[in-house]
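Below is one structure, written out as structure tokens; comments come after it.
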Amino acid sequence: MSYSHQERSQNIQRMSTEEFDLAIIGGGINGAGIARDAASRGLRVALVEANDFASGTSSRSSKLIHGGVRYLENFEFGLVFEALAERALLFKMAPHLVHPLRFLIPVYKNSRVGLWKMRLGMWLYDLLALFETPQMHESLDAKEVYDRVPGIEMRGLVGGVEYSDAYTDDDRLVIETLRDAHRLGAVTANYTKVIKANKDGDALRELVVQDQLSGETFQIRAKQFVSGVGPWTDIFGKKMDEDWKCLMRPTKGVHLVFSKKRIPIKKAVVMAVEKRIIFVIPRQEMVIVGTTDTDFHEDPAKVSTAIDDVDYILGALRTYFPSLEITHSDIISSYAGVRPLVHDGSESEGKTSREHSIFSHGPNLSFVVGGKYTTYRLIAEQAVDFILNKMDFEQRMTFGPSNTNKPLNQAVSPARYDMAISQISKMSQSTGLNPKLVESLVQRHGEEAEQLFRLIQNDYSHYNINEAHWMAEAHFAIENTMCMSLKDFYWRRSPLFLAAKKHGLRYLKPILVVFKEQLGWHEAKVQEEERLLLENMQLELSWRAKTEDFLP
Ligand code: FAD
């Protein structure tokens, strides 16, 4: 199913001519979830996103699908239960995007939470998952902790616990959700920004939207409108209503990325620092360490990593892994995101509630703010129920029930995914491709990996295999995920910026060949894209010493 620049153009055309039941503003995980849910009930849906899909908070999270062990401390059992049930569902809905991972919490003599309390908490965690967990928790003594986490600080270590949760590709989960929404009939486009609203009294009549690529403006008419703009809620609210009262308390969270060689752990480690926890998360290509939690009052588009954030995270790593002697130069990349938290009067950032809010502003405008990735499907269902309740009874009755607990991608149901995984060595033999590459492509794309095999073998066979691999990924991303720029590809369709040596810039030339062919870029556009890519890399890594040469 194609989901490319062509669908984008057609969708913009449709948005400006048709009338919709629901128009969604924001293409992060909340907007994407709402689009899929509403389309699954038969609503005529439009979704606009000012930048690329998932370019806001939704590509800047810890990338965990989890119940939230730490909420147990605040007795938020309902929240944990709900998240664990959604975790179980997401394993089935997106086996290529949600992978089980073991987490280990080391406990020291002076740890804030002692060993017996930790063990009790773990029983509760498995119980709240109704024991539907990839693997039950284990209690460990100090030696077992050390054996399982090489390099961990031994002094004062009394034991630990190991339990199961999961990691995901947050950005790809958004895009896969939008692809399914598209299959269900939703009309979606990235780089389309709401700049103004036209009203009839208190009611919204239409949104004025600017295409950020062509500069042209158009209007979207809908019966109901919902904002899923996350940390931009106050900025957007003021655009909709000059009397808008600010309600957000956004906080910044930073992550650092390392190679697996430099932090050679197989299980995620939970480090307790002051009143926070910082995760060290090994994944396919990298180890992600984070996060921080500090008030942030600027435009979310301007969020970036500061040297203080880097030093804070490195400090925790050095305390827990002194023998690894991690330094600034070990960091491959960093990223910063803004939590869309609603101000609840809490004294500190860490205490501000992580729960989501759904509320009305006027007769046909609703807002969905906050929440967690893990529960996005449920939040979307609640949001669409809420919106339907604002419609006439007769109108409401024309729609079906929510139908979103199905696989996000028809070609990647659990059975088909398991089948593809079991065929890796066969596929490797029949294609002649290295089994490791076949495995990583199947893990990322399930059965759709076959399209990439064909591209590597047929279209890009005269390039070396690494180049051919990234060219095939770029080709697939342009055709199937509305990838419109080099930045979209390096940041959100592939792990190149985050995890590759020198951010994968050595593949830039062959990748550009694909963009030129597929999107018809002329030379000036190529140069502009290259400039923007490097500029964004420099901005994201601006905490580094200016002289440091990270570009080739
Ligand atoms: P966003 O992803 O920010 O989407 C809003 C979108 O609206 C943006 O793409 C923006 O461009 C668009 N927009 C803004 N203005 C306009 C406009 N005028 N017109 C059109 N579009 C507009 N959750 C978990 O479950 N697990 C985790 O491990 C986890 N870790 C986290 C770590 C950090 C550091 C942070 C910050 C959050 C974490 N979360 C985690 C929470 C989760 O990431 C967020 O709750 C979620 O991504 C919010 O999604 P959203 O769609 O509401 O916002």
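Chains: A, B, ... in order of the structure tokens. Residues: from 1 per chain. Ligands: from 1, in order shown.
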
For Tyr335 (chain A), find every residue with an atom within 8 Å (counting only C-alpha atoms), except residues of its own chain fewer than 5 positions away, and show them as a VMD selection string.
chain A and resid 60 254 to 256 304 to 305 540

Among region 103-141 of chain A, which ones does DSSP place in strand (DSSP E), written as a ChimeraX atom specification?
/A:103-108,138-141

For the residues in that selection, give me all heavy atoms as a PDB file, in the first residue's frame.
ATOM      1  N   PHE A 103      14.781  -6.009  32.261  1.00  0.00           N
ATOM      2  CA  PHE A 103      15.274  -4.844  32.998  1.00  0.00           C
ATOM      3  C   PHE A 103      15.823  -5.312  34.338  1.00  0.00           C
ATOM      4  O   PHE A 103      15.186  -6.142  34.999  1.00  0.00           O
ATOM      5  CB  PHE A 103      14.128  -3.842  33.264  1.00  0.00           C
ATOM      6  CG  PHE A 103      13.742  -3.061  32.054  1.00  0.00           C
ATOM      7  CD1 PHE A 103      13.119  -3.692  30.981  1.00  0.00           C
ATOM      8  CD2 PHE A 103      13.999  -1.701  31.974  1.00  0.00           C
ATOM      9  CE1 PHE A 103      12.769  -2.975  29.846  1.00  0.00           C
ATOM     10  CE2 PHE A 103      13.648  -0.975  30.850  1.00  0.00           C
ATOM     11  CZ  PHE A 103      13.041  -1.620  29.782  1.00  0.00           C
ATOM     12  N   LEU A 104      16.948  -4.756  34.756  1.00  0.00           N
ATOM     13  CA  LEU A 104      17.522  -5.145  36.037  1.00  0.00           C
ATOM     14  C   LEU A 104      17.669  -3.912  36.934  1.00  0.00           C
ATOM     15  O   LEU A 104      18.210  -2.899  36.493  1.00  0.00           O
ATOM     16  CB  LEU A 104      18.877  -5.798  35.772  1.00  0.00           C
ATOM     17  CG  LEU A 104      19.416  -6.638  36.913  1.00  0.00           C
ATOM     18  CD1 LEU A 104      20.235  -7.802  36.373  1.00  0.00           C
ATOM     19  CD2 LEU A 104      20.235  -5.822  37.873  1.00  0.00           C
ATOM     20  N   ILE A 105      17.145  -4.029  38.141  1.00  0.00           N
ATOM     21  CA  ILE A 105      17.311  -2.915  39.104  1.00  0.00           C
ATOM     22  C   ILE A 105      18.306  -3.368  40.173  1.00  0.00           C
ATOM     23  O   ILE A 105      17.987  -4.232  40.996  1.00  0.00           O
ATOM     24  CB  ILE A 105      15.983  -2.540  39.807  1.00  0.00           C
ATOM     25  CG1 ILE A 105      14.855  -2.365  38.790  1.00  0.00           C
ATOM     26  CG2 ILE A 105      16.161  -1.310  40.675  1.00  0.00           C
ATOM     27  CD1 ILE A 105      13.511  -1.961  39.406  1.00  0.00           C
ATOM     28  N   PRO A 106      19.526  -2.821  40.161  1.00  0.00           N
ATOM     29  CA  PRO A 106      20.461  -3.167  41.224  1.00  0.00           C
ATOM     30  C   PRO A 106      20.085  -2.433  42.511  1.00  0.00           C
ATOM     31  O   PRO A 106      19.657  -1.272  42.458  1.00  0.00           O
ATOM     32  CB  PRO A 106      21.807  -2.664  40.708  1.00  0.00           C
ATOM     33  CG  PRO A 106      21.522  -1.845  39.509  1.00  0.00           C
ATOM     34  CD  PRO A 106      20.076  -1.852  39.212  1.00  0.00           C
ATOM     35  N   VAL A 107      20.207  -3.112  43.657  1.00  0.00           N
ATOM     36  CA  VAL A 107      19.871  -2.455  44.939  1.00  0.00           C
ATOM     37  C   VAL A 107      21.142  -2.388  45.792  1.00  0.00           C
ATOM     38  O   VAL A 107      21.847  -3.393  45.961  1.00  0.00           O
ATOM     39  CB  VAL A 107      18.752  -3.229  45.669  1.00  0.00           C
ATOM     40  CG1 VAL A 107      18.429  -2.574  47.006  1.00  0.00           C
ATOM     41  CG2 VAL A 107      17.495  -3.303  44.800  1.00  0.00           C
ATOM     42  N   TYR A 108      21.408  -1.174  46.322  1.00  0.00           N
ATOM     43  CA  TYR A 108      22.599  -0.943  47.140  1.00  0.00           C
ATOM     44  C   TYR A 108      22.175  -0.709  48.588  1.00  0.00           C
ATOM     45  O   TYR A 108      20.998  -0.424  48.875  1.00  0.00           O
ATOM     46  CB  TYR A 108      23.371   0.274  46.614  1.00  0.00           C
ATOM     47  CG  TYR A 108      23.998   0.001  45.269  1.00  0.00           C
ATOM     48  CD1 TYR A 108      23.278   0.202  44.088  1.00  0.00           C
ATOM     49  CD2 TYR A 108      25.289  -0.502  45.183  1.00  0.00           C
ATOM     50  CE1 TYR A 108      23.849  -0.077  42.848  1.00  0.00           C
ATOM     51  CE2 TYR A 108      25.867  -0.789  43.939  1.00  0.00           C
ATOM     52  CZ  TYR A 108      25.146  -0.570  42.785  1.00  0.00           C
ATOM     53  OH  TYR A 108      25.710  -0.851  41.571  1.00  0.00           O
ATOM     54  N   GLU A 138      12.626 -12.017  38.560  1.00  0.00           N
ATOM     55  CA  GLU A 138      13.522 -12.855  39.379  1.00  0.00           C
ATOM     56  C   GLU A 138      14.164 -11.977  40.446  1.00  0.00           C
ATOM     57  O   GLU A 138      14.475 -10.808  40.182  1.00  0.00           O
ATOM     58  CB  GLU A 138      14.672 -13.372  38.520  1.00  0.00           C
ATOM     59  CG  GLU A 138      14.372 -14.509  37.594  1.00  0.00           C
ATOM     60  CD  GLU A 138      15.626 -14.859  36.782  1.00  0.00           C
ATOM     61  OE1 GLU A 138      16.485 -15.588  37.269  1.00  0.00           O
ATOM     62  OE2 GLU A 138      15.722 -14.344  35.658  1.00  0.00           O
ATOM     63  N   SER A 139      14.393 -12.550  41.627  1.00  0.00           N
ATOM     64  CA  SER A 139      15.159 -11.852  42.667  1.00  0.00           C
ATOM     65  C   SER A 139      16.593 -12.335  42.584  1.00  0.00           C
ATOM     66  O   SER A 139      16.823 -13.529  42.404  1.00  0.00           O
ATOM     67  CB  SER A 139      14.609 -12.188  44.057  1.00  0.00           C
ATOM     68  OG  SER A 139      13.303 -11.690  44.149  1.00  0.00           O
ATOM     69  N   LEU A 140      17.531 -11.426  42.710  1.00  0.00           N
ATOM     70  CA  LEU A 140      18.942 -11.780  42.510  1.00  0.00           C
ATOM     71  C   LEU A 140      19.779 -11.381  43.712  1.00  0.00           C
ATOM     72  O   LEU A 140      19.478 -10.379  44.382  1.00  0.00           O
ATOM     73  CB  LEU A 140      19.486 -11.040  41.287  1.00  0.00           C
ATOM     74  CG  LEU A 140      18.673 -11.128  39.987  1.00  0.00           C
ATOM     75  CD1 LEU A 140      19.251 -10.187  38.952  1.00  0.00           C
ATOM     76  CD2 LEU A 140      18.641 -12.551  39.462  1.00  0.00           C
ATOM     77  N   ASP A 141      20.852 -12.153  43.978  1.00  0.00           N
ATOM     78  CA  ASP A 141      21.800 -11.677  44.993  1.00  0.00           C
ATOM     79  C   ASP A 141      22.870 -10.835  44.276  1.00  0.00           C
ATOM     80  O   ASP A 141      22.879 -10.728  43.032  1.00  0.00           O
ATOM     81  CB  ASP A 141      22.386 -12.850  45.805  1.00  0.00           C
ATOM     82  CG  ASP A 141      23.165 -13.824  44.929  1.00  0.00           C
ATOM     83  OD1 ASP A 141      23.650 -13.395  43.857  1.00  0.00           O
ATOM     84  OD2 ASP A 141      23.257 -15.011  45.287  1.00  0.00           O
TER      85      ASP A 141
END

Which residues, written as a ChimeraX atom specification, have at least one atom at most 12 Å from Gly432 (chain A), with only C-alpha atoms counted and residues fewer than 6 positions away on the same chain left out?
/A:424-426,438,453-454,456-457,461,465

Restrict the selected residues to N, CA and C atoms and save them as an mmCIF file, in the first residue's frame.
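Final output, part24.cif:
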data_model
loop_
_atom_site.group_PDB
_atom_site.id
_atom_site.type_symbol
_atom_site.label_atom_id
_atom_site.label_comp_id
_atom_site.auth_asym_id
_atom_site.auth_seq_id
_atom_site.Cartn_x
_atom_site.Cartn_y
_atom_site.Cartn_z
ATOM 1 N N ILE A 424 14.383 -16.929 8.295
ATOM 2 C CA ILE A 424 15.533 -16.046 8.044
ATOM 3 C C ILE A 424 16.667 -16.762 7.292
ATOM 4 N N SER A 425 17.038 -17.980 7.750
ATOM 5 C CA SER A 425 18.192 -18.599 7.083
ATOM 6 C C SER A 425 17.818 -19.010 5.652
ATOM 7 N N LYS A 426 16.561 -19.443 5.470
ATOM 8 C CA LYS A 426 16.106 -19.785 4.113
ATOM 9 C C LYS A 426 16.172 -18.547 3.198
ATOM 10 N N VAL A 438 19.560 -9.867 6.783
ATOM 11 C CA VAL A 438 18.204 -10.386 6.583
ATOM 12 C C VAL A 438 17.448 -10.323 7.908
ATOM 13 N N PHE A 453 14.548 -6.634 0.142
ATOM 14 C CA PHE A 453 15.464 -7.603 -0.488
ATOM 15 C C PHE A 453 15.499 -7.358 -1.998
ATOM 16 N N ARG A 454 14.299 -7.195 -2.574
ATOM 17 C CA ARG A 454 14.224 -7.025 -4.037
ATOM 18 C C ARG A 454 14.967 -5.760 -4.482
ATOM 19 N N ILE A 456 17.429 -4.265 -2.943
ATOM 20 C CA ILE A 456 18.884 -4.456 -2.790
ATOM 21 C C ILE A 456 19.420 -5.282 -3.960
ATOM 22 N N GLN A 457 18.688 -6.338 -4.306
ATOM 23 C CA GLN A 457 19.196 -7.250 -5.339
ATOM 24 C C GLN A 457 19.017 -6.734 -6.753
ATOM 25 N N SER A 461 21.995 -3.285 -6.894
ATOM 26 C CA SER A 461 22.989 -4.362 -6.797
ATOM 27 C C SER A 461 24.404 -3.904 -7.157
ATOM 28 N N ILE A 465 27.145 -3.518 -0.343
ATOM 29 C CA ILE A 465 25.943 -3.999 0.344
ATOM 30 C C ILE A 465 25.417 -3.001 1.390
#

Return as a list in words the full set of residues in region 34-72 of chain A whose backbone-based DSSP assignment is helix (DSSP H, G or I).
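Filtering region 34-72 of chain A down to helix (DSSP H, G or I) leaves Ile34, Ala35, Arg36, Asp37, Ala38, Ala39, Ser40, Thr57, Ser58, Ser59, Val69, Arg70, Tyr71 and Leu72 of chain A.
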
Just-selected residues, all heavy atoms written as an mmCIF file, in the first residue's frame:
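Now in out-v1.cif:
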data_model
loop_
_atom_site.group_PDB
_atom_site.id
_atom_site.type_symbol
_atom_site.label_atom_id
_atom_site.label_comp_id
_atom_site.auth_asym_id
_atom_site.auth_seq_id
_atom_site.Cartn_x
_atom_site.Cartn_y
_atom_site.Cartn_z
ATOM 1 N N ILE A 34 -5.742 8.685 17.284
ATOM 2 C CA ILE A 34 -7.121 9.160 17.117
ATOM 3 C C ILE A 34 -7.572 8.964 15.667
ATOM 4 O O ILE A 34 -8.702 8.534 15.407
ATOM 5 C CB ILE A 34 -7.243 10.644 17.555
ATOM 6 C CG1 ILE A 34 -6.984 10.765 19.060
ATOM 7 C CG2 ILE A 34 -8.620 11.210 17.221
ATOM 8 C CD1 ILE A 34 -6.806 12.195 19.547
ATOM 9 N N ALA A 35 -6.673 9.257 14.726
ATOM 10 C CA ALA A 35 -7.030 9.087 13.297
ATOM 11 C C ALA A 35 -7.389 7.636 13.026
ATOM 12 O O ALA A 35 -8.387 7.336 12.352
ATOM 13 C CB ALA A 35 -5.860 9.520 12.412
ATOM 14 N N ARG A 36 -6.589 6.714 13.544
ATOM 15 C CA ARG A 36 -6.846 5.283 13.276
ATOM 16 C C ARG A 36 -8.143 4.848 13.943
ATOM 17 O O ARG A 36 -8.968 4.148 13.342
ATOM 18 C CB ARG A 36 -5.662 4.455 13.798
ATOM 19 C CG ARG A 36 -5.838 2.955 13.628
ATOM 20 C CD ARG A 36 -4.547 2.222 13.929
ATOM 21 N NE ARG A 36 -4.705 0.781 13.775
ATOM 22 C CZ ARG A 36 -4.851 -0.071 14.776
ATOM 23 N NH1 ARG A 36 -4.858 0.369 16.031
ATOM 24 N NH2 ARG A 36 -4.981 -1.362 14.542
ATOM 25 N N ASP A 37 -8.335 5.281 15.188
ATOM 26 C CA ASP A 37 -9.548 4.866 15.910
ATOM 27 C C ASP A 37 -10.791 5.395 15.204
ATOM 28 O O ASP A 37 -11.754 4.652 14.944
ATOM 29 C CB ASP A 37 -9.494 5.367 17.363
ATOM 30 C CG ASP A 37 -10.653 4.818 18.163
ATOM 31 O OD1 ASP A 37 -11.787 5.312 17.969
ATOM 32 O OD2 ASP A 37 -10.468 3.891 18.957
ATOM 33 N N ALA A 38 -10.767 6.703 14.876
ATOM 34 C CA ALA A 38 -11.956 7.319 14.276
ATOM 35 C C ALA A 38 -12.242 6.703 12.907
ATOM 36 O O ALA A 38 -13.402 6.406 12.572
ATOM 37 C CB ALA A 38 -11.756 8.834 14.154
ATOM 38 N N ALA A 39 -11.175 6.466 12.129
ATOM 39 C CA ALA A 39 -11.386 5.863 10.801
ATOM 40 C C ALA A 39 -11.922 4.439 10.946
ATOM 41 O O ALA A 39 -12.739 4.002 10.132
ATOM 42 C CB ALA A 39 -10.082 5.881 10.006
ATOM 43 N N SER A 40 -11.490 3.730 11.999
ATOM 44 C CA SER A 40 -11.969 2.346 12.186
ATOM 45 C C SER A 40 -13.464 2.315 12.497
ATOM 46 O O SER A 40 -14.114 1.294 12.326
ATOM 47 C CB SER A 40 -11.186 1.648 13.309
ATOM 48 O OG SER A 40 -11.705 1.984 14.584
ATOM 49 N N THR A 57 7.412 15.342 20.340
ATOM 50 C CA THR A 57 7.808 14.472 21.452
ATOM 51 C C THR A 57 7.847 13.004 21.025
ATOM 52 O O THR A 57 8.611 12.213 21.580
ATOM 53 C CB THR A 57 6.788 14.637 22.606
ATOM 54 O OG1 THR A 57 6.660 16.036 22.867
ATOM 55 C CG2 THR A 57 7.261 13.950 23.864
ATOM 56 N N SER A 58 7.032 12.664 20.055
ATOM 57 C CA SER A 58 6.851 11.247 19.730
ATOM 58 C C SER A 58 8.034 10.567 19.064
ATOM 59 O O SER A 58 7.961 9.377 18.768
ATOM 60 C CB SER A 58 5.589 11.066 18.883
ATOM 61 O OG SER A 58 4.465 11.421 19.648
ATOM 62 N N SER A 59 9.136 11.278 18.803
ATOM 63 C CA SER A 59 10.354 10.568 18.385
ATOM 64 C C SER A 59 11.446 10.805 19.415
ATOM 65 O O SER A 59 12.599 10.478 19.186
ATOM 66 C CB SER A 59 10.832 11.056 17.017
ATOM 67 O OG SER A 59 10.969 12.458 17.028
ATOM 68 N N VAL A 69 7.081 0.858 36.430
ATOM 69 C CA VAL A 69 7.361 0.333 37.781
ATOM 70 C C VAL A 69 7.306 1.444 38.822
ATOM 71 O O VAL A 69 6.815 1.253 39.931
ATOM 72 C CB VAL A 69 8.757 -0.354 37.790
ATOM 73 C CG1 VAL A 69 9.209 -0.678 39.199
ATOM 74 C CG2 VAL A 69 8.724 -1.602 36.939
ATOM 75 N N ARG A 70 7.803 2.629 38.418
ATOM 76 C CA ARG A 70 7.918 3.679 39.432
ATOM 77 C C ARG A 70 6.568 4.204 39.922
ATOM 78 O O ARG A 70 6.480 4.790 40.992
ATOM 79 C CB ARG A 70 8.823 4.814 38.965
ATOM 80 C CG ARG A 70 8.228 5.784 38.001
ATOM 81 C CD ARG A 70 9.291 6.756 37.547
ATOM 82 N NE ARG A 70 8.716 7.797 36.724
ATOM 83 C CZ ARG A 70 8.278 8.964 37.193
ATOM 84 N NH1 ARG A 70 8.367 9.249 38.466
ATOM 85 N NH2 ARG A 70 7.768 9.855 36.372
ATOM 86 N N TYR A 71 5.485 3.974 39.135
ATOM 87 C CA TYR A 71 4.173 4.447 39.591
ATOM 88 C C TYR A 71 3.658 3.607 40.751
ATOM 89 O O TYR A 71 2.746 4.018 41.467
ATOM 90 C CB TYR A 71 3.152 4.424 38.441
ATOM 91 C CG TYR A 71 3.589 5.242 37.247
ATOM 92 C CD1 TYR A 71 3.674 4.679 35.987
ATOM 93 C CD2 TYR A 71 3.939 6.579 37.388
ATOM 94 C CE1 TYR A 71 4.102 5.411 34.900
ATOM 95 C CE2 TYR A 71 4.381 7.311 36.301
ATOM 96 C CZ TYR A 71 4.456 6.731 35.058
ATOM 97 O OH TYR A 71 4.891 7.463 33.988
ATOM 98 N N LEU A 72 4.247 2.412 40.936
ATOM 99 C CA LEU A 72 3.815 1.568 42.054
ATOM 100 C C LEU A 72 4.084 2.269 43.385
ATOM 101 O O LEU A 72 3.319 2.147 44.334
ATOM 102 C CB LEU A 72 4.555 0.222 42.039
ATOM 103 C CG LEU A 72 4.236 -0.720 40.882
ATOM 104 C CD1 LEU A 72 5.113 -1.963 40.961
ATOM 105 C CD2 LEU A 72 2.765 -1.133 40.899
#

Please provide as a ChimeraX atom specification all residues within 12 Å of His182 (chain A), with the sequence filter that same-chain residues fewer than 6 positions apart are discarded (counting only C-alpha atoms).
/A:1-4,7-8,11,32-33,35-40,44-47,175-176,188-189,408-409,480-482

With N, CA and C atoms retained, export the selected residues as a compact mmCIF listing (two decimals), in the first residue's frame.
# COMPACT_ATOMS: atom_id res chain seq x y z
N MET A 1 0.84 -1.20 0.00
CA MET A 1 0.00 0.00 0.00
C MET A 1 0.88 1.25 0.00
N SER A 2 0.74 2.01 -1.05
CA SER A 2 1.59 3.20 -1.17
C SER A 2 1.11 4.31 -0.20
N TYR A 3 2.08 4.95 0.43
CA TYR A 3 1.78 6.09 1.33
C TYR A 3 2.96 7.04 1.14
N SER A 4 2.87 7.84 0.06
CA SER A 4 4.05 8.58 -0.38
C SER A 4 3.70 10.05 -0.63
N GLU A 7 0.33 10.39 -2.39
CA GLU A 7 -0.86 10.39 -1.52
C GLU A 7 -0.94 11.73 -0.77
N ARG A 8 0.24 12.26 -0.40
CA ARG A 8 0.24 13.55 0.30
C ARG A 8 -0.44 14.62 -0.57
N ASN A 11 -4.11 13.97 -0.87
CA ASN A 11 -4.80 14.22 0.41
C ASN A 11 -5.01 15.72 0.65
N ALA A 32 -2.12 10.39 15.69
CA ALA A 32 -2.15 9.19 14.84
C ALA A 32 -3.13 8.17 15.40
N GLY A 33 -3.10 7.97 16.72
CA GLY A 33 -4.00 7.00 17.35
C GLY A 33 -5.46 7.39 17.15
N ALA A 35 -6.67 9.26 14.73
CA ALA A 35 -7.03 9.09 13.30
C ALA A 35 -7.39 7.64 13.03
N ARG A 36 -6.59 6.71 13.54
CA ARG A 36 -6.85 5.28 13.28
C ARG A 36 -8.14 4.85 13.94
N ASP A 37 -8.33 5.28 15.19
CA ASP A 37 -9.55 4.87 15.91
C ASP A 37 -10.79 5.40 15.20
N ALA A 38 -10.77 6.70 14.88
CA ALA A 38 -11.96 7.32 14.28
C ALA A 38 -12.24 6.70 12.91
N ALA A 39 -11.17 6.47 12.13
CA ALA A 39 -11.39 5.86 10.80
C ALA A 39 -11.92 4.44 10.95
N SER A 40 -11.49 3.73 12.00
CA SER A 40 -11.97 2.35 12.19
C SER A 40 -13.46 2.31 12.50
N ARG A 44 -15.29 10.17 8.65
CA ARG A 44 -14.45 10.76 7.61
C ARG A 44 -13.44 11.66 8.33
N VAL A 45 -12.16 11.28 8.23
CA VAL A 45 -11.12 11.88 9.09
C VAL A 45 -10.07 12.60 8.25
N ALA A 46 -9.65 13.78 8.73
CA ALA A 46 -8.48 14.45 8.14
C ALA A 46 -7.47 14.70 9.26
N LEU A 47 -6.18 14.59 8.95
CA LEU A 47 -5.15 14.89 9.97
C LEU A 47 -4.07 15.74 9.33
N ILE A 175 4.19 6.18 12.57
CA ILE A 175 4.01 6.11 11.12
C ILE A 175 3.21 4.86 10.75
N GLU A 176 3.47 3.77 11.45
CA GLU A 176 2.71 2.53 11.17
C GLU A 176 1.23 2.73 11.54
N THR A 188 -4.50 12.10 5.42
CA THR A 188 -3.46 12.64 6.30
C THR A 188 -2.34 13.29 5.47
N ALA A 189 -1.68 14.27 6.06
CA ALA A 189 -0.53 14.88 5.37
C ALA A 189 0.42 15.48 6.38
N LEU A 408 -1.32 -3.56 13.48
CA LEU A 408 -1.21 -2.26 12.81
C LEU A 408 -0.92 -2.45 11.32
N ASN A 409 -0.18 -3.49 11.03
CA ASN A 409 0.19 -3.74 9.64
C ASN A 409 -0.28 -5.15 9.30
N ASN A 480 6.47 4.37 1.09
CA ASN A 480 5.48 3.81 2.03
C ASN A 480 5.26 4.58 3.32
N THR A 481 6.08 5.63 3.56
CA THR A 481 5.93 6.31 4.86
C THR A 481 5.91 7.84 4.73
N MET A 482 5.62 8.33 3.55
CA MET A 482 5.55 9.77 3.30
C MET A 482 6.82 10.48 3.78

For Tyr146 (chain A), find every residue with an atom within 10 Å (counting only C-alpha atoms), except residues of its own chain fewer than 6 positions away, and show them as a ChimeraX atom specification.
/A:106,140,152-154,157,159-160

Write a file of the just-selected residues containing C-alpha atoms, as a JSON list (two decimals), in the first residue's frame.
[["chain", "number", "residue", "atom", "x", "y", "z"],
["A", 106, "PRO", "CA", 20.46, -3.17, 41.22],
["A", 140, "LEU", "CA", 18.94, -11.78, 42.51],
["A", 152, "ILE", "CA", 28.35, -2.60, 37.44],
["A", 153, "GLU", "CA", 29.55, -0.99, 40.70],
["A", 154, "MET", "CA", 29.97, -3.78, 43.29],
["A", 157, "LEU", "CA", 25.57, -3.92, 46.17],
["A", 159, "GLY", "CA", 21.15, -7.70, 45.25],
["A", 160, "GLY", "CA", 18.54, -6.76, 42.71]]

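Counting only C-alpha atoms and all ligand atoms, the residue from A:Val149, A:Ile288, A:Leu452, A:Met427 that sits nearest to ligand 1 is A:Ile288.
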
For the atom pair CA of Ile25 (chain A) and CA of Ala197 (chain A), what is the interatomic distance in Å to one decimal place?
11.8 Å

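Nearest-residue note for ligand 1: choosing from A:Ile29, A:Ile281, A:Leu317, A:Ala186, the minimum distance belongs to A:Ile29, counting only C-alpha atoms and all ligand atoms.
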
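Minimum atom-to-atom distance to ligand 1, evaluated using only C-alpha atoms and all ligand atoms, belongs to A:His66 out of A:His66, A:Arg249, A:Arg221, A:Arg205.
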
Can you tell me which residues surround region 166-173 of chain A at a distance of at most 7 Å, considering only C-alpha atoms, apart from same-chain residues fewer than 5 positions away, and format the answer as a ChimeraX atom specification?
/A:54,58-59,63-66,97-101,492-493
